[in-house]
Every structure is written in C-alpha cells, then in structure tokens.
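Structure data (mmCIF, C-alpha atoms) from model04.cif:
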```cif
data_data
#
loop_
_atom_site.label_atom_id
_atom_site.label_comp_id
_atom_site.auth_asym_id
_atom_site.auth_seq_id
_atom_site.Cartn_x
_atom_site.Cartn_y
_atom_site.Cartn_z
CA MET U 1 0.20 -16.03 -1.55
CA GLY U 2 -0.94 -13.88 1.36
CA LYS U 3 -2.65 -10.51 1.27
CA ILE U 4 -1.76 -7.05 2.49
CA ILE U 5 -4.71 -5.14 3.95
CA ALA U 6 -4.56 -1.40 4.71
CA VAL U 7 -7.16 -0.10 7.15
CA HIS U 8 -7.66 3.59 6.46
CA SER U 9 -10.13 6.42 7.07
CA TYR U 10 -10.55 10.07 6.26
CA LYS U 11 -10.99 11.23 9.81
CA GLY U 12 -9.50 10.13 13.09
CA GLY U 13 -11.49 8.26 15.72
CA THR U 14 -13.47 6.18 13.23
CA GLY U 15 -12.31 2.91 14.80
CA LYS U 16 -9.43 1.92 12.50
CA THR U 17 -7.25 0.61 15.29
CA SER U 18 -10.03 -1.29 17.04
CA LEU U 19 -11.12 -2.93 13.78
CA SER U 20 -7.52 -3.67 12.67
CA VAL U 21 -6.72 -5.35 15.99
CA ASN U 22 -9.93 -7.35 16.05
CA LEU U 23 -9.62 -8.37 12.39
CA ALA U 24 -6.05 -9.57 13.04
CA ALA U 25 -7.22 -11.51 16.12
CA THR U 26 -10.11 -12.99 14.14
CA TYR U 27 -7.75 -14.30 11.45
CA ALA U 28 -5.40 -15.70 14.12
CA ARG U 29 -8.35 -17.47 15.72
CA LYS U 30 -9.15 -19.01 12.34
CA GLY U 31 -5.63 -20.47 12.28
CA LYS U 32 -4.06 -17.87 9.98
CA LYS U 33 -0.58 -16.41 10.28
CA VAL U 34 -0.97 -12.68 10.69
CA CYS U 35 1.19 -9.60 11.19
CA LEU U 36 -0.43 -6.40 12.44
CA MET U 37 1.54 -3.19 11.85
CA ASP U 38 1.12 0.23 13.43
CA LEU U 39 1.71 2.74 10.65
CA ASP U 40 0.25 5.65 12.61
CA PHE U 41 3.59 7.22 13.53
CA ARG U 42 1.95 10.46 14.67
CA ALA U 43 -0.27 8.76 17.20
CA PRO U 44 1.01 5.22 17.86
CA SER U 45 -1.45 3.00 19.71
CA LEU U 46 -0.76 -0.71 19.27
CA HIS U 47 2.00 -0.65 21.91
CA ALA U 48 -0.67 0.26 24.48
CA ILE U 49 -3.07 -2.47 23.39
CA PHE U 50 -0.37 -5.15 23.34
CA LYS U 51 1.31 -3.69 26.42
CA LYS U 52 4.82 -3.41 24.98
CA GLN U 53 6.79 -0.36 26.03
CA ASN U 54 10.50 -1.01 25.96
CA LEU U 55 11.50 -2.56 22.69
CA ASP U 56 14.96 -2.59 21.12
CA TYR U 57 13.56 -1.98 17.65
CA TRP U 58 10.41 -0.33 16.35
CA LEU U 59 8.83 -0.17 12.91
CA ASN U 60 10.38 3.31 12.67
CA ASP U 61 13.83 1.66 12.71
CA TYR U 62 12.91 -0.69 9.87
CA LEU U 63 11.72 2.24 7.72
CA ASN U 64 14.85 4.19 8.65
CA GLY U 65 16.94 1.31 7.33
CA ILE U 66 18.50 0.67 10.77
CA CYS U 67 17.37 -2.95 11.02
CA GLU U 68 15.54 -5.65 9.14
CA ILE U 69 11.89 -6.47 9.78
CA ASN U 70 12.57 -9.64 11.80
CA LYS U 71 14.09 -7.49 14.59
CA VAL U 72 10.87 -5.45 14.79
CA LEU U 73 8.31 -8.23 14.86
CA VAL U 74 6.99 -9.10 18.32
CA ASP U 75 5.51 -12.58 18.52
CA VAL U 76 2.33 -12.31 20.59
CA THR U 77 1.07 -15.76 19.61
CA LYS U 78 1.26 -17.04 23.19
CA ASP U 79 -1.33 -14.50 24.37
CA HIS U 80 -3.31 -13.88 21.19
CA GLY U 81 -2.49 -16.46 18.55
CA ASN U 82 -5.14 -19.10 19.32
CA ASP U 83 -4.85 -21.59 16.47
CA GLY U 84 -2.78 -19.33 14.25
CA LYS U 85 0.13 -16.98 14.67
CA LEU U 86 0.09 -13.29 15.49
CA TYR U 87 2.99 -10.88 15.19
CA VAL U 88 2.87 -7.15 15.80
CA ALA U 89 5.19 -4.43 14.51
CA LEU U 90 4.88 -1.34 16.68
CA ALA U 91 5.39 2.36 16.09
CA ASN U 92 7.65 4.11 18.57
CA PRO U 93 5.40 6.16 20.89
CA SER U 94 8.13 8.47 22.28
CA THR U 95 7.70 12.17 21.55
CA GLU U 96 11.17 12.27 20.06
CA ALA U 97 10.32 9.50 17.59
CA ILE U 98 7.03 11.16 16.63
CA ARG U 99 8.82 14.45 16.05
CA ASP U 100 11.44 12.67 13.96
CA MET U 101 8.80 10.94 11.81
CA THR U 102 6.84 14.12 11.13
CA ALA U 103 9.98 15.91 9.87
CA LYS U 104 10.84 13.46 7.09
CA ASP U 105 11.34 14.74 3.54
CA ARG U 106 10.02 13.44 0.22
CA LYS U 107 13.12 11.41 -0.49
CA TRP U 108 12.81 9.60 2.83
CA GLU U 109 9.13 8.89 2.13
CA MET U 110 10.10 7.43 -1.24
CA LYS U 111 12.59 5.09 0.43
CA ALA U 112 9.98 4.21 3.06
CA LEU U 113 7.64 3.16 0.25
CA GLY U 114 10.39 0.87 -1.05
CA ARG U 115 10.84 -0.63 2.44
CA LEU U 116 7.08 -1.23 2.75
CA LEU U 117 6.94 -2.80 -0.70
CA SER U 118 9.72 -5.24 0.23
CA LEU U 119 7.63 -6.54 3.15
CA ARG U 120 5.67 -8.54 0.61
CA SER U 121 8.58 -10.83 -0.15
CA ALA U 122 10.00 -10.84 3.41
CA LEU U 123 6.74 -11.62 5.20
CA LEU U 124 4.36 -13.18 2.68
CA ASN U 125 6.96 -15.25 0.80
CA ASP U 126 9.81 -15.95 3.21
CA MET U 127 7.79 -16.17 6.45
CA ASP U 128 4.74 -17.53 4.65
CA LEU U 129 2.27 -15.24 6.44
CA ASP U 130 -1.36 -15.16 5.32
CA TYR U 131 -2.12 -11.53 6.16
CA ILE U 132 -0.34 -8.29 6.84
CA ILE U 133 -2.68 -5.68 8.29
CA PHE U 134 -1.62 -2.01 8.22
CA ASP U 135 -3.28 0.21 10.78
CA THR U 136 -2.72 3.61 9.15
CA SER U 137 -3.03 7.25 10.13
CA PRO U 138 -6.12 9.09 8.93
CA GLY U 139 -6.44 11.36 5.91
CA LEU U 140 -4.08 12.13 3.08
CA GLN U 141 -0.56 11.86 4.36
CA TYR U 142 2.60 10.09 3.39
CA SER U 143 2.57 7.12 5.74
CA SER U 144 -1.02 6.22 4.92
CA ILE U 145 -0.66 6.67 1.15
CA ASN U 146 2.54 4.57 1.23
CA ALA U 147 0.50 1.88 2.98
CA ILE U 148 -2.31 2.13 0.43
CA VAL U 149 0.09 1.83 -2.52
CA THR U 150 1.64 -1.27 -0.90
CA ALA U 151 -1.66 -2.97 -0.01
CA ASP U 152 -3.76 -5.41 -2.05
CA VAL U 153 -6.98 -4.44 -0.31
CA VAL U 154 -7.98 -1.14 1.31
CA LEU U 155 -10.66 -1.10 4.00
CA VAL U 156 -12.08 2.37 4.57
CA VAL U 157 -13.61 2.82 8.00
CA THR U 158 -16.27 5.50 8.08
CA SER U 159 -18.96 6.66 10.44
CA LEU U 160 -22.20 8.27 9.27
CA ASP U 161 -20.92 11.70 10.20
CA ALA U 162 -21.43 14.11 7.26
CA SER U 163 -17.80 15.26 7.16
CA ASP U 164 -16.59 11.68 7.29
CA ILE U 165 -18.92 10.59 4.45
CA ASN U 166 -17.83 13.54 2.33
CA GLY U 167 -14.14 12.89 2.98
CA SER U 168 -14.44 9.17 2.21
CA GLN U 169 -16.22 9.96 -1.05
CA ARG U 170 -13.45 12.32 -2.10
CA MET U 171 -10.71 9.87 -1.18
CA THR U 172 -12.44 7.23 -3.29
CA THR U 173 -12.10 9.28 -6.46
CA GLU U 174 -8.89 11.10 -5.59
CA LEU U 175 -6.87 8.34 -3.94
CA TYR U 176 -8.09 4.73 -3.99
CA ASP U 177 -9.33 4.83 -7.62
CA LEU U 178 -6.13 6.49 -8.83
CA PHE U 179 -4.06 3.59 -7.50
CA GLU U 180 -6.62 1.06 -8.80
CA LYS U 181 -7.03 -0.49 -5.37
CA LYS U 182 -9.62 -3.04 -4.36
CA THR U 183 -11.44 -0.97 -1.77
CA GLY U 184 -14.33 -1.74 0.56
CA ILE U 185 -16.20 0.33 3.14
CA LEU U 186 -16.60 -0.60 6.78
CA LEU U 187 -19.49 1.37 8.25
CA ASN U 188 -18.67 1.69 11.89
CA LYS U 189 -20.62 2.93 14.91
CA VAL U 190 -23.95 2.57 13.13
CA ILE U 191 -26.88 3.50 15.38
CA ALA U 192 -28.74 0.31 16.32
CA GLU U 193 -32.22 1.63 15.39
CA TYR U 194 -31.17 1.83 11.72
CA LEU U 195 -30.77 -1.92 11.83
CA SER U 196 -33.65 -2.71 14.21
CA SER U 197 -35.97 -4.35 11.65
CA GLU U 198 -35.73 -5.76 8.15
CA LYS U 199 -37.62 -2.76 6.79
CA GLU U 200 -35.33 -0.29 8.54
CA GLN U 201 -32.30 -2.18 7.33
CA LYS U 202 -33.50 -2.09 3.71
CA LYS U 203 -34.05 1.65 3.97
CA PHE U 204 -30.60 2.04 5.47
CA ASN U 205 -28.88 -0.06 2.77
CA LYS U 206 -30.59 2.01 0.06
CA TYR U 207 -29.39 5.20 1.71
CA ILE U 208 -25.82 3.88 1.90
CA LYS U 209 -25.84 2.77 -1.76
CA ASN U 210 -26.58 6.36 -2.71
CA ILE U 211 -23.65 7.79 -0.82
CA HIS U 212 -20.91 5.21 -1.36
CA SER U 213 -19.96 3.86 -4.75
CA LEU U 214 -17.70 1.25 -3.10
CA PRO U 215 -18.97 -2.09 -1.78
CA VAL U 216 -19.86 -2.09 1.93
CA LEU U 217 -18.06 -5.07 3.48
CA ALA U 218 -19.38 -4.60 7.00
CA THR U 219 -22.02 -2.66 8.86
CA ILE U 220 -20.96 -2.56 12.47
CA PRO U 221 -23.48 -1.35 15.02
CA CYS U 222 -22.37 0.88 17.86
CA PHE U 223 -21.95 -1.39 20.88
CA CYS U 224 -21.51 0.11 24.32
CA GLU U 225 -19.74 -3.08 25.43
CA VAL U 226 -17.01 -2.48 22.84
CA LEU U 227 -16.59 1.07 24.15
CA ARG U 228 -16.53 -0.21 27.70
CA ALA U 229 -13.64 -2.52 26.83
CA ALA U 230 -11.76 0.78 26.29
CA GLY U 231 -9.09 -0.91 24.20
CA ASP U 232 -7.84 -2.64 27.32
CA PHE U 233 -8.35 -6.12 25.87
CA ILE U 234 -9.09 -7.54 22.44
CA PHE U 235 -12.86 -7.69 22.37
CA THR U 236 -13.33 -10.55 19.89
CA GLU U 237 -11.02 -12.72 22.01
CA GLU U 238 -12.82 -12.10 25.29
CA ARG U 239 -16.36 -12.16 23.91
CA PRO U 240 -16.51 -14.82 21.18
CA GLU U 241 -20.34 -15.02 21.36
CA HIS U 242 -20.95 -11.27 20.98
CA PRO U 243 -22.57 -9.89 17.76
CA PHE U 244 -19.51 -7.63 17.26
CA THR U 245 -17.33 -10.75 17.07
CA GLU U 246 -19.77 -12.32 14.61
CA THR U 247 -19.66 -9.23 12.40
CA LEU U 248 -15.86 -9.31 12.41
CA GLU U 249 -15.88 -12.98 11.45
CA GLU U 250 -18.15 -12.25 8.49
CA LEU U 251 -15.87 -9.38 7.50
CA ALA U 252 -12.80 -11.65 7.67
CA THR U 253 -14.43 -14.13 5.30
CA LYS U 254 -15.51 -11.37 2.91
CA VAL U 255 -12.02 -9.88 2.79
CA GLU U 256 -10.54 -13.34 2.24
CA ASN U 257 -12.63 -13.73 -0.92
CA PHE U 258 -12.59 -10.07 -1.98
CA MET E 1 41.91 -17.75 -42.95
CA ALA E 2 42.85 -15.92 -39.78
CA ALA E 3 42.32 -12.61 -41.53
CA TYR E 4 38.89 -13.77 -42.68
CA ARG E 5 37.88 -14.75 -39.11
CA LYS E 6 39.05 -11.38 -37.83
CA LEU E 7 37.00 -9.64 -40.49
CA GLU E 8 33.96 -11.75 -39.63
CA ALA E 9 34.26 -10.93 -35.92
CA ARG E 10 34.64 -7.27 -36.70
CA SER E 11 31.54 -7.21 -38.91
CA THR E 12 29.48 -9.05 -36.23
CA GLN E 13 30.56 -6.40 -33.74
CA LEU E 14 29.58 -3.65 -36.14
CA LEU E 15 26.19 -5.18 -36.84
CA GLU E 16 25.61 -5.49 -33.09
CA LYS E 17 26.50 -1.84 -32.63
CA ILE E 18 24.14 -0.81 -35.43
CA ARG E 19 21.36 -2.85 -33.84
CA GLU E 20 21.92 -1.21 -30.46
CA ASN E 21 21.89 2.23 -32.02
CA LEU E 22 18.67 1.42 -33.85
CA GLU E 23 17.05 0.30 -30.60
CA GLN E 24 18.13 3.50 -28.88
CA LEU E 25 16.75 5.51 -31.79
CA ASN E 26 13.49 3.63 -31.51
CA GLU E 27 13.21 4.56 -27.85
CA LYS E 28 13.97 8.18 -28.55
CA ILE E 29 11.23 8.21 -31.18
CA ASP E 30 8.88 6.67 -28.59
CA VAL E 31 9.61 9.54 -26.23
CA MET E 32 9.03 12.12 -28.95
CA ILE E 33 5.71 10.50 -29.85
CA GLU E 34 4.71 10.50 -26.18
CA ILE E 35 5.60 14.14 -25.75
CA GLN E 36 3.71 15.04 -28.90
CA LYS E 37 0.65 13.11 -27.72
CA HIS E 38 0.52 14.47 -24.22
CA GLY E 39 2.32 17.77 -24.53
CA THR E 40 5.36 18.94 -22.65
CA HIS E 41 3.43 20.72 -19.90
CA GLU E 42 3.89 17.70 -17.64
CA ILE E 43 7.63 18.04 -17.69
CA PRO E 44 8.73 20.17 -14.76
CA GLU E 45 11.41 22.79 -15.28
CA ASN E 46 13.45 21.77 -12.29
CA LEU E 47 14.16 18.09 -12.12
CA PRO E 48 12.09 16.54 -9.31
CA GLU E 49 13.87 15.18 -6.27
CA ALA E 50 11.90 12.01 -5.77
CA LEU E 51 9.17 9.75 -7.05
CA ASP E 52 7.19 9.77 -3.81
CA VAL E 53 3.51 8.94 -3.43
CA MET E 54 2.36 12.56 -3.66
CA THR E 55 4.20 12.82 -6.98
CA LEU E 56 2.62 9.54 -8.11
CA LEU E 57 -0.80 11.04 -7.31
CA SER E 58 -0.05 14.08 -9.46
CA LEU E 59 0.95 12.08 -12.56
CA PRO E 60 -1.54 11.52 -15.39
CA ASP E 61 -3.27 8.10 -15.11
CA HIS E 62 -1.35 6.42 -17.94
CA LEU E 63 2.05 7.33 -16.46
CA ARG E 64 1.01 6.61 -12.86
CA LYS E 65 0.29 2.99 -13.70
CA THR E 66 3.75 2.56 -15.21
CA ALA E 67 5.47 4.43 -12.36
CA VAL E 68 3.70 2.44 -9.59
CA THR E 69 4.59 -0.81 -11.36
CA LEU E 70 8.25 0.19 -11.53
CA CYS E 71 8.20 1.16 -7.83
CA LYS E 72 6.94 -2.35 -7.06
CA LEU E 73 9.46 -4.10 -9.31
CA GLY E 74 12.41 -1.94 -8.25
CA GLU E 75 14.25 -2.36 -11.52
CA ALA E 76 12.75 -3.66 -14.74
CA THR E 77 12.79 -3.67 -18.54
CA ALA E 78 9.86 -2.37 -20.58
CA ASP E 79 8.99 -6.01 -21.24
CA GLU E 80 8.70 -6.81 -17.54
CA VAL E 81 6.60 -3.71 -16.85
CA SER E 82 4.26 -4.55 -19.74
CA GLU E 83 3.71 -8.04 -18.29
CA HIS E 84 2.33 -6.43 -15.15
CA THR E 85 0.31 -3.63 -16.73
CA LYS E 86 -1.00 -5.80 -19.59
CA ARG E 87 -0.20 -3.02 -22.03
CA ALA E 88 1.98 -3.34 -25.12
CA ARG E 89 5.76 -3.29 -24.66
CA ALA E 90 6.16 -0.38 -27.06
CA VAL E 91 3.59 1.62 -25.07
CA GLU E 92 5.40 0.95 -21.78
CA SER E 93 8.74 1.74 -23.37
CA GLY E 94 7.33 5.12 -24.41
CA TYR E 95 5.93 5.85 -20.94
CA LEU E 96 9.11 4.71 -19.16
CA ASN E 97 11.26 6.87 -21.40
CA GLN E 98 8.97 9.80 -20.79
CA LEU E 99 9.32 9.28 -17.03
CA VAL E 100 13.10 9.28 -17.55
CA VAL E 101 12.85 12.56 -19.47
CA MET E 102 10.72 13.96 -16.64
CA GLY E 103 13.48 13.04 -14.18
CA TYR E 104 11.47 10.55 -12.11
CA MET E 105 13.47 7.49 -13.04
CA LYS E 106 16.76 6.44 -14.55
CA LYS E 107 17.75 4.14 -17.34
CA GLU E 108 20.80 1.96 -17.60
CA ARG E 109 21.91 -0.37 -20.36
CA LYS E 110 23.19 -3.81 -19.50
CA GLY E 111 24.25 -5.47 -22.71
CA ARG E 112 21.38 -5.21 -25.15
CA LYS E 113 18.69 -4.60 -22.53
CA ALA E 114 17.63 -1.26 -21.09
CA TYR E 115 16.75 -1.36 -17.39
CA PHE E 116 14.65 1.31 -15.74
CA PHE E 117 14.81 2.05 -12.00
CA VAL E 118 13.78 4.60 -9.41
CA ASP E 119 16.84 6.46 -8.23
CA LYS E 120 16.63 6.35 -4.44
CA GLU E 121 19.93 7.99 -3.68
CA GLY E 122 19.62 10.96 -6.02
#
```
The structure in this file should be written as structure tokens.
Amino acid sequence: MGKIIAVHSYKGGTGKTSLSVNLAATYARKGKKVCLMDLDFRAPSLHAIFKKQNLDYWLNDYLNGICEINKVLVDVTKDHGNDGKLYVALANPSTEAIRDMTAKDRKWEMKALGRLLSLRSALLNDMDLDYIIFDTSPGLQYSSINAIVTADVVLVVTSLDASDINGSQRMTTELYDLFEKKTGILLNKVIAEYLSSEKEQKKFNKYIKNIHSLPVLATIPCFCEVLRAAGDFIFTEERPEHPFTETLEELATKVENF
Amino acid sequence: MAAYRKLEARSTQLLEKIRENLEQLNEKIDVMIEIQKHGTHEIPENLPEALDVMTLLSLPDHLRKTAVTLCKLGEATADEVSEHTKRARAVESGYLNQLVVMGYMKKERKGRKAYFFVDKEG
C-alpha cells in the first residue's frame, strides 16, 4: 500500500514546491510510481515547472466533480520518470480559476475533502502508485487542511526565521497533533556555517531540539546553485552528484520508513 | 397446522421488532450518557451546514477522532468505526449518536444495522 505525503508550511516561500518536486523526482529515480499534485489553488506553480499551460482538465475540475482523476493526471514519465513513473496533477493558474477557488463555501470544502480522500483508492489501490505528494498552500486554510487530513505523513518545511518557527510550533499543537498525523520537520535554507563542523552541527541540533518537538527529517543547507536553477529545471535530475540531491535521497529513505 | 405456522411467523416478527426497539433505546441511552458526560454546550443552536475541516478542528478530541474516521469511511456502522479507532463499539456508538444529535452526520437503518454517514448534499 502506497503513502500520501502532504508538504506544508506555516509561511509562504519556505521551499515547499521545490522540495515536493525534488522529492517526487527522487522517488521516480528510485523506480517508484509517483503522483505529484498542486494543491496551492491560490498560487499554482507546478504548471510552470512542468511547462504545461493548456490542459483540458485541471485538479480544480476533479474537486469540482466535473471529471475523474484520470483525466487530470499528466504523465511526465518520458521527461522525468527515470526508472519509475511520474504523474502530475496541476492547479489551474488562470485568474478566473483562482478567483473561483477562493470563493468556495464550507459545503464545497467538505465535498472536496471527500474527493481527496477517494484518491487513496483510485491512485494507491487501482493504479498501484507508491506515493502521492501534495504540494499545499501555506498556513491554515481549507485546501491545505483537507490535504493534511487526507495524508499519511505531513512534512513541515520551515526556515529558521523567528515567525516561521513560531508558526510551525503553533501548527504542531493546533493542527497536526489534533489530527494525529505522523509529522516531520524539514529545515530548509539553513545557513552553511551552522553545519560547517561537527561541533557547530551538534550545537545546531541541540538548538533545534529545543524549538521543535517533532522529529527533524532533513536539514537542508542553503545552496546558491539551487536558487540559480530558479525552478527552471528539476535540480536533483540535472545535478545527481550535488549535496542537495544527496540530502533529498536521504529524506526519501527516511519518509519511506517513517 | 397452518394457523400454528402463521402464529409462529407473527411472534418471530414481533420479537424482531422488540429487539430493534431495544437496540434503538440502547443508542438513545448512549446519547444521553454522552451528553451528561460532556455537557450540552457543544451542541450548536442552529444546525451546522457541513462537517468541514474547520469544524473538525473545533470538535473535542474524542469526537474528532470518530468524525474523521467516518469522513474516511464515507458510511459505516459503529462496529466498523470502532475497528479503526480501536475503541469499544459502545463508545463509538455513543459518539456517533452524539454527532448525529449535533447535526454533523446522519443515521439510517438498513435492516437491523444502523449506518452513519456524512450528509454531503444537505
């Protein structure tokens, strides 16, 4: 039985999308069958990374009950699958669609939760996928909480910014714990000097243990090369020897056994 | 002989009816116990429109677990919910009935079994 992973964060710009995409690519490279879904309907981004603009059906249409999920899935295995399989389900980036999604009422959100929950049987059972990865929108809002309720594992991406740390702490007690979710922290954009020596690293780990009660599944240094890629290509695919790729591989294994 | 068989069938029917009524009574008592234990303050005056995630967040822990499980199962008996939550059937029956009283879910009888479900159409 496969796993559903929700990648979430308190604030925007923490690196959710970059880590979701690279984690999906890492699993595909390991021969897994993966589906990556853009659940950030307010600020869709996966269409830009996978360079898909004119689709007949979007993930919005599946949640609206207009079509089934097989119409939404785009098979990008040829370009990104490596040994495995990679599908993406994209959020509609048009202003009209964004406006439509932000105006939904509670009843719609309840139905959307039902649609997300049925992905488990459609994708993990019927299509036999190994992983579904939800790239969510930040903070406490319907689409991200729906994703968290549906997921088996929640990965919380956080920087060391004070407001981000504080927000992640609050979400731990007021969101993830309440739904009894297996949750792990991904510390992103960590300044390299904190990890420069064994001594520094020990000091850093001690500091992190004091602020986060959840297990830290990855400590990802801030790499200028990753920034330079500017989301134009999938970094772990182009740079298999880079330490960022190594870190993602370790993360993939940890999540597999989490 | 025919009259005897008719009488026998009739009494089986009656016994069945009595059993059903007893089960329903049991469930009602469960609800009353629940309400007594946790108070009625959780029951909103106006019936809620939907069991959405924000509502799930606002529920007390013991009810949230039951409600999330039912959302995942779609439709289920107290037995099926208790298999997932690893709590006793009678406990789940009480919580499910309380959620029905609160207006978050509905209950329907099919034969002897009571099925609970989230009403998506209102």
Compile the residues of chain E that lie within 10 Å of chain U, evaluated using only C-alpha atoms, and express the compilation as a VMD selection string.
chain E and resid 49 to 61 64 to 65 68 71 to 74 118 to 122
File dump, residues just selected, C-alpha atoms, as a PDB file, in the coordinates of the input:
```
ATOM      1  CA  GLU E  49      13.870  15.180  -6.270  1.00  0.00           C
ATOM      2  CA  ALA E  50      11.900  12.010  -5.770  1.00  0.00           C
ATOM      3  CA  LEU E  51       9.170   9.750  -7.050  1.00  0.00           C
ATOM      4  CA  ASP E  52       7.190   9.770  -3.810  1.00  0.00           C
ATOM      5  CA  VAL E  53       3.510   8.940  -3.430  1.00  0.00           C
ATOM      6  CA  MET E  54       2.360  12.560  -3.660  1.00  0.00           C
ATOM      7  CA  THR E  55       4.200  12.820  -6.980  1.00  0.00           C
ATOM      8  CA  LEU E  56       2.620   9.540  -8.110  1.00  0.00           C
ATOM      9  CA  LEU E  57      -0.800  11.040  -7.310  1.00  0.00           C
ATOM     10  CA  SER E  58      -0.050  14.080  -9.460  1.00  0.00           C
ATOM     11  CA  LEU E  59       0.950  12.080 -12.560  1.00  0.00           C
ATOM     12  CA  PRO E  60      -1.540  11.520 -15.390  1.00  0.00           C
ATOM     13  CA  ASP E  61      -3.270   8.100 -15.110  1.00  0.00           C
ATOM     14  CA  ARG E  64       1.010   6.610 -12.860  1.00  0.00           C
ATOM     15  CA  LYS E  65       0.290   2.990 -13.700  1.00  0.00           C
ATOM     16  CA  VAL E  68       3.700   2.440  -9.590  1.00  0.00           C
ATOM     17  CA  CYS E  71       8.200   1.160  -7.830  1.00  0.00           C
ATOM     18  CA  LYS E  72       6.940  -2.350  -7.060  1.00  0.00           C
ATOM     19  CA  LEU E  73       9.460  -4.100  -9.310  1.00  0.00           C
ATOM     20  CA  GLY E  74      12.410  -1.940  -8.250  1.00  0.00           C
ATOM     21  CA  VAL E 118      13.780   4.600  -9.410  1.00  0.00           C
ATOM     22  CA  ASP E 119      16.840   6.460  -8.230  1.00  0.00           C
ATOM     23  CA  LYS E 120      16.630   6.350  -4.440  1.00  0.00           C
ATOM     24  CA  GLU E 121      19.930   7.990  -3.680  1.00  0.00           C
ATOM     25  CA  GLY E 122      19.620  10.960  -6.020  1.00  0.00           C
TER      26      GLY E 122
END
```
Which residue is closest to Asn205 of chain U? Choose from U:Glu68, U:Lys78, U:Ala218, U:Ala89 and count all atoms listed in the file.
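Among U:Glu68, U:Lys78, U:Ala218, U:Ala89, it is U:Ala218 that comes nearest to Asn205 of chain U.
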Residue members of the PyMOL selection byres ((chain E and resi 80-83) around 12) in the file shown, as a PyMOL selection string
chain E and resi 63+65-79+84-96+113-117
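As for atom CA of Thr247 of chain U and atom CA of Gly12 of chain U, they are spaced 21.9 Å apart.
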Taking (-1.7, -15.4, 11.1) as a centre in this file's frame and 7 Å as the limit, can you find every polymer residue with an atom that close, using all atoms listed in the file, and give them as an MDAnalysis selection string?
chainID U and resid 27:28 31:35 84:86 129:131
Atom CA of Val74 of chain U to atom CA of Lys52 of chain U: how many Å, to one decimal?
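Going from atom CA of Val74 of chain U over to atom CA of Lys52 of chain U covers 9.0 Å.
For the atom pair formed by atom CA of Lys181 of chain U and atom CA of Val154 of chain U, the distance is 6.8 Å, given to one decimal.
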Please report, as JSON, the centre and edge lengths in Å to one decimal of an axis-aligned box covering all listed atoms of segment 132-147 of chain U with 4 Å per side.
```
{"center_x": -1.9, "center_y": 1.9, "center_z": 6.0, "size_x": 17.0, "size_y": 28.4, "size_z": 17.6}
```
Looking at all atoms listed in the file, which of E:Lys106, E:Gly111, E:Asn97, E:Leu7 is the one that sits closest to Leu25 of chain E?
E:Asn97
Check which residues satisfy the PyMOL selection byres ((chain U and resi 159-161) around 9) in the file shown, then give them as a CSV table (one decimal) with C-alpha atoms, keeping the file's coordinate frame.
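Written output follows (out-v6.csv):
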```
chain,number,residue,atom,x,y,z
U,14,THR,CA,-13.5,6.2,13.2
U,15,GLY,CA,-12.3,2.9,14.8
U,157,VAL,CA,-13.6,2.8,8.0
U,158,THR,CA,-16.3,5.5,8.1
U,162,ALA,CA,-21.4,14.1,7.3
U,163,SER,CA,-17.8,15.3,7.2
U,164,ASP,CA,-16.6,11.7,7.3
U,165,ILE,CA,-18.9,10.6,4.4
U,166,ASN,CA,-17.8,13.5,2.3
U,186,LEU,CA,-16.6,-0.6,6.8
U,187,LEU,CA,-19.5,1.4,8.2
U,188,ASN,CA,-18.7,1.7,11.9
U,189,LYS,CA,-20.6,2.9,14.9
U,190,VAL,CA,-24.0,2.6,13.1
```
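Selection by the PyMOL selection byres ((chain U and resi 59-61) around 6) on the present file picks out Trp58, Tyr62, Leu63, Asn64, Ile66, Val72, Ala89, Leu90 and Ala91 of chain U.
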Have segment 63-75 of chain E completed to N, CA and C atoms, please, and pass it along as a PDB file, in the frame of the given file.
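What landed in part-v1.pdb:
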```
ATOM      1  N   LEU E  63       0.668   7.390 -16.971  1.00  0.00           N
ATOM      2  CA  LEU E  63       2.050   7.330 -16.460  1.00  0.00           C
ATOM      3  C   LEU E  63       2.089   6.780 -15.031  1.00  0.00           C
ATOM      4  N   ARG E  64       1.028   7.077 -14.252  1.00  0.00           N
ATOM      5  CA  ARG E  64       1.010   6.610 -12.860  1.00  0.00           C
ATOM      6  C   ARG E  64       1.086   5.088 -12.802  1.00  0.00           C
ATOM      7  N   LYS E  65       0.322   4.454 -13.692  1.00  0.00           N
ATOM      8  CA  LYS E  65       0.290   2.990 -13.700  1.00  0.00           C
ATOM      9  C   LYS E  65       1.698   2.431 -13.941  1.00  0.00           C
ATOM     10  N   THR E  66       2.384   3.006 -14.898  1.00  0.00           N
ATOM     11  CA  THR E  66       3.750   2.560 -15.210  1.00  0.00           C
ATOM     12  C   THR E  66       4.680   2.824 -14.026  1.00  0.00           C
ATOM     13  N   ALA E  67       4.569   4.037 -13.443  1.00  0.00           N
ATOM     14  CA  ALA E  67       5.470   4.430 -12.360  1.00  0.00           C
ATOM     15  C   ALA E  67       5.256   3.559 -11.118  1.00  0.00           C
ATOM     16  N   VAL E  68       3.987   3.282 -10.769  1.00  0.00           N
ATOM     17  CA  VAL E  68       3.700   2.440  -9.590  1.00  0.00           C
ATOM     18  C   VAL E  68       4.264   1.036  -9.830  1.00  0.00           C
ATOM     19  N   THR E  69       4.083   0.536 -11.044  1.00  0.00           N
ATOM     20  CA  THR E  69       4.590  -0.810 -11.360  1.00  0.00           C
ATOM     21  C   THR E  69       6.107  -0.854 -11.190  1.00  0.00           C
ATOM     22  N   LEU E  70       6.785   0.184 -11.659  1.00  0.00           N
ATOM     23  CA  LEU E  70       8.250   0.190 -11.530  1.00  0.00           C
ATOM     24  C   LEU E  70       8.666   0.303 -10.057  1.00  0.00           C
ATOM     25  N   CYS E  71       7.910   1.078  -9.276  1.00  0.00           N
ATOM     26  CA  CYS E  71       8.200   1.160  -7.830  1.00  0.00           C
ATOM     27  C   CYS E  71       8.123  -0.233  -7.219  1.00  0.00           C
ATOM     28  N   LYS E  72       7.116  -1.011  -7.634  1.00  0.00           N
ATOM     29  CA  LYS E  72       6.940  -2.350  -7.060  1.00  0.00           C
ATOM     30  C   LYS E  72       8.044  -3.289  -7.513  1.00  0.00           C
ATOM     31  N   LEU E  73       8.449  -3.175  -8.778  1.00  0.00           N
ATOM     32  CA  LEU E  73       9.460  -4.100  -9.310  1.00  0.00           C
ATOM     33  C   LEU E  73      10.876  -3.688  -8.927  1.00  0.00           C
ATOM     34  N   GLY E  74      11.068  -2.421  -8.610  1.00  0.00           N
ATOM     35  CA  GLY E  74      12.410  -1.940  -8.250  1.00  0.00           C
ATOM     36  C   GLY E  74      13.211  -1.569  -9.486  1.00  0.00           C
ATOM     37  N   GLU E  75      13.509  -2.590 -10.280  1.00  0.00           N
ATOM     38  CA  GLU E  75      14.250  -2.360 -11.520  1.00  0.00           C
ATOM     39  C   GLU E  75      13.648  -3.296 -12.556  1.00  0.00           C
TER      40      GLU E  75
END
```
